[in-house]
Amino acid sequence: MTPLALVMIISAYLLGSISSAVLICRVLRLPDPRGVGSNNPGATNVLRIGGKKAAVAVLLCDMLKGTIPVWGGYFLGIDSILLGVIAIAACLGHMYPIFFHFKGGKGVATALGAIAPIGLDLTAMIIATWLSVAFLFRYSSLAALVTVLLAPFYTWMIKPQYTLPVAMLCCLIVFRHHQNIKRLLEGTEPKVGEKKNGLNKAS
């Protein structure tokens with residue numbers, strides 16, 4: 001591993017560690033997303049507590065945390081496997097942020113942002129899959145899981161050299177959703193837009 005790649009990996013983790021949800025909620029004087037709803041500092045939970053505009057702002061910022069370091073690494077000539085490691089570092093920063101006591105989100109938006117530089121066609125397929133599953137079943141976590149399971153296949157069809165890095169990233173996302181998987185199997189996972197029992201835990 002070159003010193004440049006190592007610097008990019010560390011930078012990706014530190015950028016990922018900036019919690020968009022917490023900072024945007026502070027600016028908008030909303031409750032801390034780590035203490036209400038799902039206790040998850042991500043766009044879905046912010047949608048519940050702050051509405052669509054706040055959620056979109058969080059979503060875009062979280063995506064940029066993945067896009068910026070991966071795109072930077074791409075233009076610096078870093079190979080595809082190390083680009084995958086950079087993407088994973090950004091997601092690990094989001095999930096376990098050093099600046100926020102290692103209590104972060106699920107990493108779906110950051111992963112999408114990291115995958116986006118591969119191509120707009122791949123990004124469109126991933127977004128369409130998430131929206132379709134979320135619309136049909138109204139489970140954000142289910143949409144995320146189905147999407148990340150299909151993402152390596154989509155990548156293989158479009159740019160096969162990135163299949164392994166994307167698969168590595170998707171495995172991390174699936175692991176982070178283990179509690180959501182359990183709730184889905186038990187039938188206790190709240191749906192998108194559901195605000196029962198004091199904003200139940202969701203994705």
# chains A, B, ... in the order shown; residues from 1 in each chain; ligands from 1
$ select_by_dssp --residues "region 16-164 of chain A" --states "alpha helix (DSSP H)" --output "PyMOL selection string"
chain A and resi 16+20-27+43-50+52-75+80-95+108-115+120-137+140-158+163-164
$ residues_around --residues "region 68-73 of chain A" --least-positions-apart "4" --cutoff "10 Å" --atoms "only C-alpha atoms" --output "tab-separated table (two decimals) with C-alpha atoms, in the first residue's frame"
chain	number	residue	atom	x	y	z
A	4	LEU	CA	-0.94	8.17	-0.74
A	5	ALA	CA	-3.47	5.34	-0.45
A	8	MET	CA	-6.74	8.64	1.50
A	9	ILE	CA	-8.05	5.79	3.68
A	10	ILE	CA	-7.47	7.76	6.90
A	11	SER	CA	-8.98	10.89	5.35
A	12	ALA	CA	-12.03	8.91	4.21
A	13	TYR	CA	-12.59	7.61	7.75
A	15	LEU	CA	-14.63	12.60	6.69
A	16	GLY	CA	-17.09	9.78	7.29
A	63	MET	CA	-23.57	10.58	0.19
A	64	LEU	CA	-20.84	13.18	-0.30
A	77	GLY	CA	-4.83	6.73	-9.85
A	78	ILE	CA	-5.50	4.43	-6.89
A	79	ASP	CA	-6.44	0.92	-8.00
A	80	SER	CA	-9.94	-0.51	-7.71
A	82	LEU	CA	-7.89	0.16	-2.65
A	83	LEU	CA	-10.76	2.37	-3.81
A	84	GLY	CA	-13.00	-0.24	-2.20
A	85	VAL	CA	-11.00	0.04	1.01
A	86	ILE	CA	-11.37	3.84	0.88
A	87	ALA	CA	-15.14	3.42	0.46
A	88	ILE	CA	-15.24	1.02	3.41
A	89	ALA	CA	-13.21	3.48	5.51
A	90	ALA	CA	-15.73	6.24	4.76
A	113	GLY	CA	-22.13	7.97	-2.53
A	114	ALA	CA	-19.00	5.83	-2.65
A	115	ILE	CA	-20.42	3.69	-5.46
A	116	ALA	CA	-21.66	6.69	-7.48
A	117	PRO	CA	-18.27	7.48	-9.12
A	118	ILE	CA	-18.39	4.08	-10.87
$ residues_around --residues "Gly42 (chain A)" --least-positions-apart "2" --cutoff "12 Å" --atoms "only C-alpha atoms" --output "PyMOL selection string"
chain A and resi 18-25+32-34+36-40+44-50+54-63+94-95+103-110+140-141+202-203
$ residues_around --residues "Ile98 (chain A)" --least-positions-apart "5" --cutoff "8 Å" --atoms "only C-alpha atoms" --output "number ranges by chain"
A: 14, 17, 93
$ residues_around --residues "Leu185 (chain A)" --least-positions-apart "6" --cutoff "12 Å" --atoms "only C-alpha atoms" --output "list in words"
Ser141, Leu142, His178 and Gln179 of chain A
$ closest_residue --among "A:Asp121, A:Ser132, A:Leu164, A:Ala111" --to "Val148 (chain A)" --atoms "only C-alpha atoms"
A:Ala111
$ closest_residue --among "A:His101, A:Leu122, A:Leu30, A:Ala43" --to "Lys159 (chain A)" --atoms "only C-alpha atoms"
A:Leu122
$ atom_distance --atom1 "CA of Pro3 (chain A)" --atom2 "CA of Pro152 (chain A)"
28.5 Å
